[in-house]
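Here's the structure we're looking at; comments come further down.
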Amino acid sequence: MYWRKIKDKIAAKSMLIAVAFANSIVFLIALGLFIKSWPILTKKSIFHLLLSSSWHPMKGEFGFYPFIIGTLEVTAIAMILAVPVCLLSAIYLSEYAHSRFRDLTHLVIDIMAAIPSVIYGLWGVIVLVPFVRALGQAIDIQTTGYSLRTGGIILAIMVTPIIISVSMEVLRTVPIEARETALALGTTKWEAIKHVVLRSALHGIFSAIVLGFARAFGETIAVLMIVGNVPKVPTSIFDPAYPLPALLANNYGEMMSIPLYNSALLLSALILLLVVSAFNITAHFTLMRIEKR
Amino acid sequence: MKSRKIEEFVFKVLMIASVTLVLCILAGILIVIVMRGASSLNLAMLIRTPEGGYYLGKGGGIANAIVGSLCLAFGASMLSFLFGLPIAFGLQKEYLGRRLARMTRLSLDILWGIPSIVYGAFGFIIMVYLGLRASLLGGIITLALLMLPIMIRSIEEVIRMTPSELKEISYALGATRIETTFTVVLRQALPGMVTGVLLAFGRGIGDAASILFTAGYTDYLPRSLFEPVASLPLAIFFQVSTPIPEVQQRAYASALILLMIVVLISFVSRLLSRRCSRHIVR
């Protein structure tokens with residue numbers, strides 16, 4: 001009898017330790033990256049690092065500006081392309097579509113989410129790069145096809161499953177009665193969606209977009225393969241760019257002999273971590289509020 | 001009156017166009033990868049390791065990458081399952097205060113969103129700290145960290161669905177918390193565990209950024225935990241960036257293999273979770 005109680009206590013304590021471990025991972029990652037990037041933060045001011053556009057590790061100049069701009073622009077293009085399509089699809093699937101068709105698209109979205117990013121990258125190399133090159137030629141712009149626009153399109157495709165599935169879940173939390181009330185007042189189905197469903201699901205849809213943004217911001221391999229990787233501030237969307245994750249993936253692990261280089265690269269990982277986590281925390285709290293309703 | 005109908009019609013057309021676009025893109029991806037891959041896939045690719053001059057277009061296959069990827073993903077899923085299960089159990093309200101549970105969910109959501117390249121960089125820091133070099137073990141640890149939130153979330157979602165009456169019956173019979181967890185909740189959570197492991201496996205096998213620094217690459221089959229190991233995503237990545245067409249062809253074939261593994265896992269997890277949930281009380 002006594003033994004059972006002791007066993008229970010031990011199990012409960014070890015689960016508590018496991019949970020504490022889960023909580024500490026985030027802090028450990030942030031701390032580890034921070035300690036490693038500390039040397040460069042003491043040498044240079046953070047504003048100089050973020051706003052200077054000269055990237056010459058050999059000379060000890062580490063300006064992250066082109067990389068940050070590259071990341072932001074490629075993500076922005078992706079969101080502009082993805083958001084309208086995803087939201088319209090999500091509304092159609094949750095409000096209009098037959099349930100059998102909805103199940104089919106669930107399967108499609110699951111597969112899209114499961115496809116590894118390196119395969120998206122490969123597809124980008126095979127299909128999108130020649131496509132964008134042809135597009136550039138058609139409007140008289142010299143481009144290799146490895147450009148911001150190509151990266152934006154591939155990211156748009158990659159964030160589609162997450163935006164659609166989160167939005168559909170949010171739309172499902174709007175009670176049927178709300179729709180029926182609007183319909184009973186003589187609105188068309190679309191008006192009921194526009195004025196009632198979308199209005200009450202607005203926060204949730206916002207967080208779906210935020211989650212998509214965070215995913216696109218940190219995506220590495222697919223973008224690395226097709227965005228061109230030239231460390232300059234891009235002037236048009238047909239120019240190549242060099243997003244932060246690509247910088248990290250291409251250079252980390254080599255050339256450790258150059259002073260501060262390692263530290264600078266880990267600073268870029270820290271920036272990625274902080275930005276993405278900020279977005280995810282926002283989305284988390286918004287979705288929590290909706291779940292409670 | 002008329003304009004309202006027209007607005008509805010216009011939006012409906014737009015919506016159907018969007019859904020069609022999404023479906024077409026997926027179909028396009030699958031068709032291109034399958035067509036390109038199938039034309040260069042052969043048995044030698046599957047069962048042979050790279051031979052001399054492989055990266056210049058000579059003979060050999062990518063068995064090293066296939067076996068390596070399977071080892072990495074299998075090891076990492078086991079490791080993260082080992083850590084994930086007690087965490088998912090611990091999130092039940094018998095064990096944890098509400099505030100701590102809420103905080104843990106937040107941490108897990110943050111972990112879920114962290115880009116895999118950041119996991120890779122962190123894994124590398126840990127390995128340097130421990131004095132490990134790029135190896136199977138390093139890759140497994142990093143991938144396990146990446147999988148942990150996925151694993152916990154899918155197990156915990158099912159645990160939360162367990163009817164509280166079921167647990168209360170067990171408590172009323174005098175069972176302790178841990179006995180209830182292992183006899184009642186564990187059985188209820190079985191489908192969640194299966195899907196969790198498979199989802200994590202699928203995510204892990206396709207992830208390239210996190211194992212780029214931590215697992216390394218080699219032309220040989222994995223022999224020990226402390227040696228570098230090849231992996232499919234990196235094989236694709238390296239082969240497609242060479243200028244030689246024969247090698248690029250092999251990248252397409254490798255992509256097809258990876259795609260088949262991932263899609264197969266996704267189907268199996270659907271099938272198994274349906275089969276396992278037959279005996280679940282709702």
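By order in the structure tokens, chains are A, B, ...; within a chain, residues start at 1; ligands start at 1, following the order shown.
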Would you mind listing what lies within 8 Å of Ile153 (chain A) as a compact mmCIF listing (two decimals) with C-alpha atoms, in the first residue's frame, with only C-alpha atoms counted and same-chain residues fewer than 2 positions away left out?
# COMPACT_ATOMS: atom_id res chain seq x y z
CA ILE A 77 6.26 38.79 -51.28
CA ALA A 78 5.28 35.36 -50.02
CA LEU A 81 0.86 36.07 -52.79
CA ARG A 149 10.37 36.76 -56.64
CA THR A 150 11.22 33.08 -57.10
CA GLY A 151 11.91 32.74 -53.38
CA LEU A 155 7.57 30.44 -49.68
CA ALA A 156 3.99 31.32 -50.58
CA ILE A 157 3.41 27.70 -51.52
Using only C-alpha atoms, find the residues of chain B whose closest atom to chain A is at most 7 Å away, then write them as number ranges by chain.
-> B: 8, 15, 18-19, 26, 29, 86-87, 90, 95, 104, 106-107, 109-111, 113-115, 117-118, 122, 176-178, 202-203, 206-209, 213, 233, 237, 255, 259, 262-263
Helix (DSSP H, G or I) per DSSP on the backbone: members of region 53-218 of chain B, as a compact mmCIF listing (two decimals) with N, CA and C atoms, in the first residue's frame:
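Written output follows (states29.txt):
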# COMPACT_ATOMS: atom_id res chain seq x y z
N TYR B 54 31.70 9.26 -58.24
CA TYR B 54 30.25 9.32 -58.25
C TYR B 54 29.74 10.73 -58.52
N TYR B 55 30.41 11.70 -57.91
CA TYR B 55 29.94 13.08 -58.05
C TYR B 55 30.38 13.70 -59.37
N LEU B 56 31.02 12.89 -60.22
CA LEU B 56 31.31 13.36 -61.56
C LEU B 56 30.45 12.60 -62.56
N ALA B 63 22.44 4.58 -51.35
CA ALA B 63 22.04 3.75 -50.22
C ALA B 63 22.55 4.35 -48.91
N ASN B 64 23.74 4.99 -48.97
CA ASN B 64 24.26 5.60 -47.75
C ASN B 64 23.30 6.65 -47.20
N ALA B 65 22.72 7.45 -48.11
CA ALA B 65 21.81 8.50 -47.65
C ALA B 65 20.49 7.93 -47.17
N ILE B 66 19.99 6.89 -47.86
CA ILE B 66 18.71 6.32 -47.45
C ILE B 66 18.83 5.71 -46.06
N VAL B 67 19.85 4.84 -45.90
CA VAL B 67 20.03 4.21 -44.60
C VAL B 67 20.32 5.25 -43.53
N GLY B 68 21.16 6.23 -43.88
CA GLY B 68 21.51 7.27 -42.92
C GLY B 68 20.29 8.03 -42.45
N SER B 69 19.44 8.43 -43.42
CA SER B 69 18.23 9.18 -43.06
C SER B 69 17.32 8.36 -42.17
N LEU B 70 17.16 7.08 -42.51
CA LEU B 70 16.29 6.23 -41.70
C LEU B 70 16.84 6.11 -40.28
N CYS B 71 18.16 5.93 -40.16
CA CYS B 71 18.76 5.83 -38.83
C CYS B 71 18.53 7.12 -38.05
N LEU B 72 18.81 8.25 -38.70
CA LEU B 72 18.65 9.54 -38.03
C LEU B 72 17.22 9.72 -37.54
N ALA B 73 16.27 9.52 -38.46
CA ALA B 73 14.87 9.80 -38.11
C ALA B 73 14.37 8.80 -37.08
N PHE B 74 14.78 7.54 -37.21
CA PHE B 74 14.33 6.54 -36.26
C PHE B 74 14.90 6.82 -34.86
N GLY B 75 16.20 7.05 -34.81
CA GLY B 75 16.82 7.33 -33.52
C GLY B 75 16.22 8.56 -32.87
N ALA B 76 16.03 9.60 -33.68
CA ALA B 76 15.51 10.84 -33.11
C ALA B 76 14.07 10.67 -32.66
N SER B 77 13.25 9.91 -33.41
CA SER B 77 11.85 9.75 -32.95
C SER B 77 11.81 8.98 -31.64
N MET B 78 12.66 7.95 -31.52
CA MET B 78 12.68 7.18 -30.27
C MET B 78 13.09 8.08 -29.10
N LEU B 79 14.15 8.85 -29.33
CA LEU B 79 14.64 9.72 -28.26
C LEU B 79 13.59 10.74 -27.85
N SER B 80 12.96 11.37 -28.85
CA SER B 80 12.02 12.42 -28.49
C SER B 80 10.73 11.81 -27.94
N PHE B 81 10.43 10.56 -28.33
CA PHE B 81 9.27 9.88 -27.74
C PHE B 81 9.53 9.63 -26.25
N LEU B 82 10.75 9.20 -25.97
CA LEU B 82 11.14 8.91 -24.59
C LEU B 82 10.98 10.13 -23.69
N PHE B 83 11.36 11.30 -24.23
CA PHE B 83 11.23 12.52 -23.44
C PHE B 83 9.83 13.10 -23.55
N GLY B 84 9.21 12.90 -24.70
CA GLY B 84 7.92 13.54 -24.94
C GLY B 84 6.79 12.93 -24.15
N LEU B 85 6.82 11.60 -23.98
CA LEU B 85 5.71 10.93 -23.31
C LEU B 85 5.51 11.41 -21.87
N PRO B 86 6.56 11.43 -21.04
CA PRO B 86 6.34 11.93 -19.68
C PRO B 86 5.89 13.38 -19.66
N ILE B 87 6.38 14.19 -20.61
CA ILE B 87 5.96 15.59 -20.63
C ILE B 87 4.47 15.67 -20.96
N ALA B 88 4.05 14.89 -21.97
CA ALA B 88 2.64 14.92 -22.36
C ALA B 88 1.77 14.41 -21.20
N PHE B 89 2.21 13.37 -20.52
CA PHE B 89 1.45 12.88 -19.36
C PHE B 89 1.43 13.94 -18.26
N GLY B 90 2.58 14.56 -18.06
CA GLY B 90 2.70 15.54 -16.98
C GLY B 90 1.80 16.75 -17.17
N ARG B 98 -2.39 24.99 -12.96
CA ARG B 98 -2.88 25.53 -14.22
C ARG B 98 -1.90 26.50 -14.84
N ARG B 99 -1.23 27.27 -13.96
CA ARG B 99 -0.36 28.30 -14.51
C ARG B 99 0.85 27.66 -15.20
N LEU B 100 1.41 26.65 -14.55
CA LEU B 100 2.58 25.98 -15.13
C LEU B 100 2.20 25.27 -16.44
N ALA B 101 1.00 24.68 -16.44
CA ALA B 101 0.56 23.99 -17.66
C ALA B 101 0.44 24.99 -18.80
N ARG B 102 -0.12 26.17 -18.47
CA ARG B 102 -0.29 27.18 -19.51
C ARG B 102 1.07 27.63 -20.04
N MET B 103 2.00 27.81 -19.11
CA MET B 103 3.32 28.25 -19.52
C MET B 103 3.99 27.20 -20.41
N THR B 104 3.81 25.93 -20.03
CA THR B 104 4.43 24.87 -20.83
C THR B 104 3.86 24.85 -22.23
N ARG B 105 2.53 25.06 -22.34
CA ARG B 105 1.94 25.08 -23.68
C ARG B 105 2.53 26.22 -24.50
N LEU B 106 2.74 27.35 -23.85
CA LEU B 106 3.35 28.48 -24.56
C LEU B 106 4.76 28.09 -25.03
N SER B 107 5.55 27.49 -24.11
CA SER B 107 6.91 27.08 -24.50
C SER B 107 6.88 26.14 -25.68
N LEU B 108 5.93 25.20 -25.64
CA LEU B 108 5.87 24.22 -26.72
C LEU B 108 5.51 24.90 -28.04
N ASP B 109 4.60 25.89 -27.97
CA ASP B 109 4.25 26.59 -29.20
C ASP B 109 5.45 27.35 -29.74
N ILE B 110 6.23 27.95 -28.83
CA ILE B 110 7.43 28.66 -29.30
C ILE B 110 8.40 27.67 -29.93
N LEU B 111 8.62 26.55 -29.25
CA LEU B 111 9.53 25.53 -29.77
C LEU B 111 9.08 25.05 -31.15
N TRP B 112 7.77 24.87 -31.28
CA TRP B 112 7.21 24.38 -32.54
C TRP B 112 7.55 25.34 -33.68
N GLY B 113 7.62 26.64 -33.36
CA GLY B 113 7.83 27.62 -34.42
C GLY B 113 9.29 27.91 -34.73
N SER B 116 14.23 25.45 -38.23
CA SER B 116 15.10 24.30 -38.00
C SER B 116 16.58 24.69 -38.09
N ILE B 117 16.87 25.77 -38.82
CA ILE B 117 18.27 26.19 -38.90
C ILE B 117 18.78 26.64 -37.53
N VAL B 118 17.88 27.22 -36.73
CA VAL B 118 18.28 27.65 -35.39
C VAL B 118 18.55 26.44 -34.51
N TYR B 119 17.72 25.40 -34.65
CA TYR B 119 18.01 24.16 -33.94
C TYR B 119 19.38 23.64 -34.37
N GLY B 120 19.66 23.72 -35.66
CA GLY B 120 20.94 23.25 -36.16
C GLY B 120 22.10 24.00 -35.52
N ALA B 121 21.98 25.33 -35.47
CA ALA B 121 23.06 26.13 -34.88
C ALA B 121 23.21 25.80 -33.40
N PHE B 122 22.07 25.66 -32.71
CA PHE B 122 22.13 25.34 -31.28
C PHE B 122 22.74 23.96 -31.06
N GLY B 123 22.32 23.01 -31.88
CA GLY B 123 22.87 21.66 -31.77
C GLY B 123 24.38 21.67 -31.95
N PHE B 124 24.83 22.51 -32.87
CA PHE B 124 26.26 22.58 -33.12
C PHE B 124 27.00 23.17 -31.92
N ILE B 125 26.40 24.19 -31.30
CA ILE B 125 27.02 24.76 -30.10
C ILE B 125 27.16 23.69 -29.03
N ILE B 126 26.08 22.93 -28.81
CA ILE B 126 26.10 21.87 -27.80
C ILE B 126 27.20 20.86 -28.12
N MET B 127 27.29 20.50 -29.42
CA MET B 127 28.27 19.49 -29.79
C MET B 127 29.69 19.99 -29.58
N VAL B 128 29.93 21.26 -29.90
CA VAL B 128 31.25 21.82 -29.66
C VAL B 128 31.55 21.81 -28.16
N TYR B 129 30.53 22.14 -27.38
CA TYR B 129 30.68 22.17 -25.93
C TYR B 129 31.01 20.79 -25.38
N LEU B 130 30.37 19.76 -25.93
CA LEU B 130 30.61 18.40 -25.46
C LEU B 130 31.81 17.75 -26.13
N LEU B 136 26.34 10.91 -36.25
CA LEU B 136 24.98 10.39 -36.16
C LEU B 136 24.33 10.83 -34.85
N LEU B 137 25.10 10.74 -33.77
CA LEU B 137 24.57 11.10 -32.46
C LEU B 137 24.15 12.58 -32.43
N GLY B 138 25.04 13.45 -32.96
CA GLY B 138 24.72 14.87 -32.99
C GLY B 138 23.44 15.13 -33.77
N GLY B 139 23.31 14.47 -34.93
CA GLY B 139 22.12 14.63 -35.74
C GLY B 139 20.88 14.15 -35.02
N ILE B 140 21.02 13.02 -34.32
CA ILE B 140 19.86 12.47 -33.61
C ILE B 140 19.41 13.43 -32.50
N ILE B 141 20.37 13.97 -31.75
CA ILE B 141 20.00 14.87 -30.66
C ILE B 141 19.30 16.11 -31.21
N THR B 142 19.88 16.69 -32.26
CA THR B 142 19.28 17.90 -32.82
C THR B 142 17.89 17.64 -33.38
N LEU B 143 17.76 16.55 -34.12
CA LEU B 143 16.45 16.22 -34.69
C LEU B 143 15.44 15.93 -33.58
N ALA B 144 15.90 15.29 -32.49
CA ALA B 144 14.98 14.96 -31.41
C ALA B 144 14.43 16.25 -30.78
N LEU B 145 15.29 17.26 -30.64
CA LEU B 145 14.82 18.54 -30.12
C LEU B 145 13.76 19.13 -31.03
N LEU B 146 14.03 19.05 -32.35
CA LEU B 146 13.10 19.59 -33.33
C LEU B 146 11.75 18.87 -33.30
N MET B 147 11.80 17.55 -33.03
CA MET B 147 10.58 16.74 -33.07
C MET B 147 9.76 16.88 -31.78
N LEU B 148 10.43 17.23 -30.69
CA LEU B 148 9.79 17.18 -29.38
C LEU B 148 8.42 17.88 -29.34
N PRO B 149 8.33 19.15 -29.79
CA PRO B 149 7.02 19.81 -29.71
C PRO B 149 5.94 19.12 -30.54
N ILE B 150 6.32 18.58 -31.70
CA ILE B 150 5.33 17.90 -32.55
C ILE B 150 4.80 16.67 -31.82
N MET B 151 5.75 15.90 -31.29
CA MET B 151 5.41 14.68 -30.56
C MET B 151 4.47 14.99 -29.39
N ILE B 152 4.89 15.94 -28.55
CA ILE B 152 4.09 16.22 -27.35
C ILE B 152 2.71 16.72 -27.74
N ARG B 153 2.66 17.60 -28.73
CA ARG B 153 1.36 18.15 -29.09
C ARG B 153 0.39 17.07 -29.53
N SER B 154 0.87 16.14 -30.37
CA SER B 154 -0.11 15.15 -30.86
C SER B 154 -0.49 14.16 -29.76
N ILE B 155 0.43 13.85 -28.85
CA ILE B 155 0.03 12.95 -27.76
C ILE B 155 -0.92 13.68 -26.82
N GLU B 156 -0.58 14.92 -26.52
CA GLU B 156 -1.35 15.64 -25.51
C GLU B 156 -2.77 15.92 -25.99
N GLU B 157 -2.91 16.18 -27.29
CA GLU B 157 -4.24 16.44 -27.82
C GLU B 157 -5.17 15.26 -27.56
N VAL B 158 -4.64 14.06 -27.70
CA VAL B 158 -5.47 12.87 -27.49
C VAL B 158 -5.72 12.66 -25.99
N ILE B 159 -4.68 12.90 -25.20
CA ILE B 159 -4.86 12.74 -23.75
C ILE B 159 -5.96 13.66 -23.25
N ARG B 160 -5.98 14.87 -23.79
CA ARG B 160 -6.98 15.83 -23.33
C ARG B 160 -8.40 15.40 -23.70
N MET B 161 -8.51 14.56 -24.73
CA MET B 161 -9.83 14.09 -25.15
C MET B 161 -10.37 13.00 -24.23
N SER B 164 -13.29 12.73 -18.62
CA SER B 164 -12.84 12.80 -17.23
C SER B 164 -13.55 11.74 -16.39
N GLU B 165 -14.75 11.32 -16.82
CA GLU B 165 -15.45 10.27 -16.07
C GLU B 165 -14.60 9.00 -15.98
N LEU B 166 -13.93 8.72 -17.11
CA LEU B 166 -13.14 7.50 -17.16
C LEU B 166 -12.05 7.52 -16.09
N LYS B 167 -11.40 8.67 -15.98
CA LYS B 167 -10.35 8.79 -14.97
C LYS B 167 -10.97 8.76 -13.58
N GLU B 168 -12.12 9.41 -13.45
CA GLU B 168 -12.74 9.47 -12.12
C GLU B 168 -13.14 8.09 -11.63
N ILE B 169 -13.59 7.25 -12.55
CA ILE B 169 -13.92 5.88 -12.17
C ILE B 169 -12.69 5.20 -11.58
N SER B 170 -11.57 5.39 -12.29
CA SER B 170 -10.34 4.77 -11.82
C SER B 170 -9.95 5.30 -10.45
N TYR B 171 -10.08 6.60 -10.25
CA TYR B 171 -9.73 7.16 -8.95
C TYR B 171 -10.69 6.66 -7.87
N ALA B 172 -11.96 6.51 -8.24
CA ALA B 172 -12.95 6.05 -7.26
C ALA B 172 -12.66 4.63 -6.81
N ARG B 177 -2.57 8.19 -9.04
CA ARG B 177 -2.50 8.92 -10.31
C ARG B 177 -1.71 8.16 -11.36
N ILE B 178 -0.57 7.62 -10.92
CA ILE B 178 0.29 6.98 -11.91
C ILE B 178 -0.35 5.69 -12.43
N GLU B 179 -1.08 5.00 -11.56
CA GLU B 179 -1.76 3.79 -12.02
C GLU B 179 -2.85 4.14 -13.03
N THR B 180 -3.57 5.22 -12.74
CA THR B 180 -4.59 5.67 -13.69
C THR B 180 -3.95 6.04 -15.03
N THR B 181 -2.84 6.76 -14.92
CA THR B 181 -2.17 7.19 -16.15
C THR B 181 -1.77 6.00 -17.00
N PHE B 182 -1.18 5.00 -16.35
CA PHE B 182 -0.67 3.89 -17.14
C PHE B 182 -1.75 2.91 -17.59
N THR B 183 -2.82 2.77 -16.83
CA THR B 183 -3.82 1.78 -17.23
C THR B 183 -4.93 2.39 -18.07
N VAL B 184 -5.35 3.60 -17.75
CA VAL B 184 -6.48 4.19 -18.47
C VAL B 184 -6.02 5.15 -19.56
N VAL B 185 -5.22 6.13 -19.16
CA VAL B 185 -4.87 7.20 -20.10
C VAL B 185 -3.96 6.68 -21.21
N LEU B 186 -3.02 5.82 -20.85
CA LEU B 186 -2.08 5.30 -21.85
C LEU B 186 -2.82 4.62 -22.98
N ARG B 187 -3.82 3.83 -22.61
CA ARG B 187 -4.56 3.12 -23.64
C ARG B 187 -5.35 4.07 -24.52
N GLN B 188 -5.92 5.10 -23.87
CA GLN B 188 -6.67 6.09 -24.64
C GLN B 188 -5.74 6.87 -25.57
N LEU B 190 -3.12 5.89 -27.13
CA LEU B 190 -2.37 5.09 -28.09
C LEU B 190 -2.39 5.66 -29.52
N PRO B 191 -3.58 6.00 -30.07
CA PRO B 191 -3.55 6.55 -31.43
C PRO B 191 -2.75 7.84 -31.52
N GLY B 192 -2.82 8.66 -30.47
CA GLY B 192 -2.04 9.90 -30.48
C GLY B 192 -0.56 9.62 -30.50
N MET B 193 -0.17 8.57 -29.75
CA MET B 193 1.24 8.24 -29.72
C MET B 193 1.71 7.77 -31.09
N VAL B 194 0.87 6.95 -31.72
CA VAL B 194 1.25 6.44 -33.05
C VAL B 194 1.39 7.60 -34.04
N THR B 195 0.37 8.47 -34.09
CA THR B 195 0.47 9.58 -35.05
C THR B 195 1.61 10.51 -34.67
N GLY B 196 1.81 10.70 -33.37
CA GLY B 196 2.90 11.58 -32.95
C GLY B 196 4.24 11.09 -33.45
N VAL B 197 4.49 9.80 -33.22
CA VAL B 197 5.78 9.24 -33.64
C VAL B 197 5.93 9.35 -35.16
N LEU B 198 4.85 9.02 -35.88
CA LEU B 198 4.96 9.03 -37.34
C LEU B 198 5.10 10.44 -37.90
N LEU B 199 4.34 11.38 -37.32
CA LEU B 199 4.46 12.78 -37.77
C LEU B 199 5.88 13.28 -37.56
N ALA B 200 6.38 12.99 -36.35
CA ALA B 200 7.73 13.45 -36.03
C ALA B 200 8.75 12.79 -36.95
N PHE B 201 8.55 11.51 -37.21
CA PHE B 201 9.44 10.80 -38.12
C PHE B 201 9.44 11.46 -39.50
N GLY B 202 8.25 11.76 -39.98
CA GLY B 202 8.13 12.38 -41.30
C GLY B 202 8.78 13.74 -41.36
N ARG B 203 8.57 14.51 -40.29
CA ARG B 203 9.19 15.83 -40.26
C ARG B 203 10.70 15.71 -40.19
N GLY B 204 11.16 14.75 -39.38
CA GLY B 204 12.60 14.62 -39.17
C GLY B 204 13.33 14.12 -40.39
N ILE B 205 12.71 13.22 -41.13
CA ILE B 205 13.42 12.62 -42.25
C ILE B 205 13.59 13.63 -43.38
N GLY B 206 12.71 14.62 -43.43
CA GLY B 206 12.81 15.58 -44.52
C GLY B 206 13.56 16.83 -44.17
N ILE B 211 20.31 19.31 -39.72
CA ILE B 211 21.39 18.32 -39.69
C ILE B 211 22.55 18.72 -40.59
N LEU B 212 22.44 19.90 -41.18
CA LEU B 212 23.49 20.38 -42.08
C LEU B 212 24.84 20.44 -41.37
N PHE B 213 24.87 20.94 -40.14
CA PHE B 213 26.14 21.02 -39.43
C PHE B 213 26.32 19.87 -38.46
N THR B 214 25.19 19.28 -38.01
CA THR B 214 25.31 18.36 -36.89
C THR B 214 25.53 16.91 -37.31
Quick one: pull the distance between CA of Leu41 (chain B) and CA of Ala251 (chain B), Å, one decimal.
->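 So the answer is 9.8 Å.
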Distance in Å - CA of Leu72 (chain A) versus CA of Phe206 (chain A) =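 Result for CA of Leu72 (chain A) versus CA of Phe206 (chain A): 18.3 Å, one decimal.
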Leaving out His203 (chain A) and any residue of its chain fewer than 6 positions from it, which residues lie within 12 Å of it when counting only C-alpha atoms, given as a PDB file with N, CA and C atoms, in the first residue's frame?
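Saved as around-v2.pdb:
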ATOM      1  N   VAL A 166      -5.069  26.541 -40.161  1.00  0.00           N
ATOM      2  CA  VAL A 166      -5.409  27.322 -38.964  1.00  0.00           C
ATOM      3  C   VAL A 166      -6.668  28.151 -39.208  1.00  0.00           C
ATOM      4  N   SER A 167      -6.783  28.777 -40.384  1.00  0.00           N
ATOM      5  CA  SER A 167      -7.983  29.589 -40.643  1.00  0.00           C
ATOM      6  C   SER A 167      -9.240  28.732 -40.624  1.00  0.00           C
ATOM      7  N   VAL A 170     -10.232  28.080 -37.147  1.00  0.00           N
ATOM      8  CA  VAL A 170     -10.803  29.269 -36.517  1.00  0.00           C
ATOM      9  C   VAL A 170     -12.231  29.500 -37.007  1.00  0.00           C
ATOM     10  N   LEU A 171     -12.435  29.348 -38.314  1.00  0.00           N
ATOM     11  CA  LEU A 171     -13.775  29.573 -38.857  1.00  0.00           C
ATOM     12  C   LEU A 171     -14.769  28.579 -38.261  1.00  0.00           C
ATOM     13  N   THR A 173     -14.838  27.604 -35.266  1.00  0.00           N
ATOM     14  CA  THR A 173     -15.260  27.971 -33.904  1.00  0.00           C
ATOM     15  C   THR A 173     -16.408  28.970 -33.893  1.00  0.00           C
ATOM     16  N   VAL A 174     -16.689  29.606 -35.037  1.00  0.00           N
ATOM     17  CA  VAL A 174     -17.834  30.522 -35.080  1.00  0.00           C
ATOM     18  C   VAL A 174     -19.108  29.683 -35.030  1.00  0.00           C
ATOM     19  N   VAL A 197     -19.394  35.981 -39.907  1.00  0.00           N
ATOM     20  CA  VAL A 197     -18.369  34.959 -39.666  1.00  0.00           C
ATOM     21  C   VAL A 197     -16.976  35.571 -39.652  1.00  0.00           C
ATOM     22  N   ILE A 209      -2.290  34.163 -40.165  1.00  0.00           N
ATOM     23  CA  ILE A 209      -1.337  34.859 -41.039  1.00  0.00           C
ATOM     24  C   ILE A 209       0.001  35.048 -40.335  1.00  0.00           C
ATOM     25  N   VAL A 210      -0.075  35.384 -39.032  1.00  0.00           N
ATOM     26  CA  VAL A 210       1.160  35.566 -38.271  1.00  0.00           C
ATOM     27  C   VAL A 210       1.970  34.276 -38.226  1.00  0.00           C
ATOM     28  N   THR A 282       2.614  35.999 -30.109  1.00  0.00           N
ATOM     29  CA  THR A 282       1.405  36.754 -30.452  1.00  0.00           C
ATOM     30  C   THR A 282       0.295  35.815 -30.900  1.00  0.00           C
ATOM     31  N   ALA A 283       0.635  34.933 -31.830  1.00  0.00           N
ATOM     32  CA  ALA A 283      -0.375  34.015 -32.361  1.00  0.00           C
ATOM     33  C   ALA A 283      -0.908  33.110 -31.256  1.00  0.00           C
ATOM     34  N   HIS A 284      -0.012  32.664 -30.388  1.00  0.00           N
ATOM     35  CA  HIS A 284      -0.408  31.754 -29.310  1.00  0.00           C
ATOM     36  C   HIS A 284      -1.480  32.384 -28.440  1.00  0.00           C
ATOM     37  N   PHE A 285      -1.242  33.636 -28.018  1.00  0.00           N
ATOM     38  CA  PHE A 285      -2.204  34.249 -27.099  1.00  0.00           C
ATOM     39  C   PHE A 285      -3.518  34.554 -27.792  1.00  0.00           C
ATOM     40  N   THR A 286      -3.459  34.954 -29.052  1.00  0.00           N
ATOM     41  CA  THR A 286      -4.707  35.224 -29.772  1.00  0.00           C
ATOM     42  C   THR A 286      -5.531  33.945 -29.900  1.00  0.00           C
ATOM     43  N   LEU A 287      -4.855  32.858 -30.270  1.00  0.00           N
ATOM     44  CA  LEU A 287      -5.590  31.606 -30.459  1.00  0.00           C
ATOM     45  C   LEU A 287      -6.119  31.066 -29.136  1.00  0.00           C
ATOM     46  N   MET A 288      -5.363  31.271 -28.049  1.00  0.00           N
ATOM     47  CA  MET A 288      -5.824  30.837 -26.726  1.00  0.00           C
ATOM     48  C   MET A 288      -7.139  31.519 -26.375  1.00  0.00           C
ATOM     49  N   ARG A 289      -7.189  32.838 -26.637  1.00  0.00           N
ATOM     50  CA  ARG A 289      -8.396  33.596 -26.319  1.00  0.00           C
ATOM     51  C   ARG A 289      -9.593  33.032 -27.077  1.00  0.00           C
ATOM     52  N   ILE A 290      -9.353  32.676 -28.346  1.00  0.00           N
ATOM     53  CA  ILE A 290     -10.451  32.151 -29.153  1.00  0.00           C
ATOM     54  C   ILE A 290     -10.906  30.795 -28.632  1.00  0.00           C
ATOM     55  N   GLU A 291      -9.927  29.982 -28.226  1.00  0.00           N
ATOM     56  CA  GLU A 291     -10.257  28.650 -27.746  1.00  0.00           C
ATOM     57  C   GLU A 291     -11.132  28.719 -26.506  1.00  0.00           C
TER      58      GLU A 291
END
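Around Thr49 (chain B), within 8 Å and counting only C-alpha atoms, the residues found are Met45, Ile47, Glu51, Gly60, Gly61, Ile62, Ala63, Asn64, Asp219, Tyr220 and Leu221 of chain B, once anything fewer than 2 positions away on its own chain is removed.
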Report the distance between CA of Ala134 (chain A) and CA of Phe238 (chain A) in Å, rounded to one decimal place.
->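 Calculated distance between CA of Ala134 (chain A) and CA of Phe238 (chain A) is 11.4 Å.
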Backbone-only DSSP, strand (DSSP E or B) members of region 26-255 of chain A, as a list in words = Trp55, His56, Glu61, Phe62, Gly228 and Ala241 of chain A
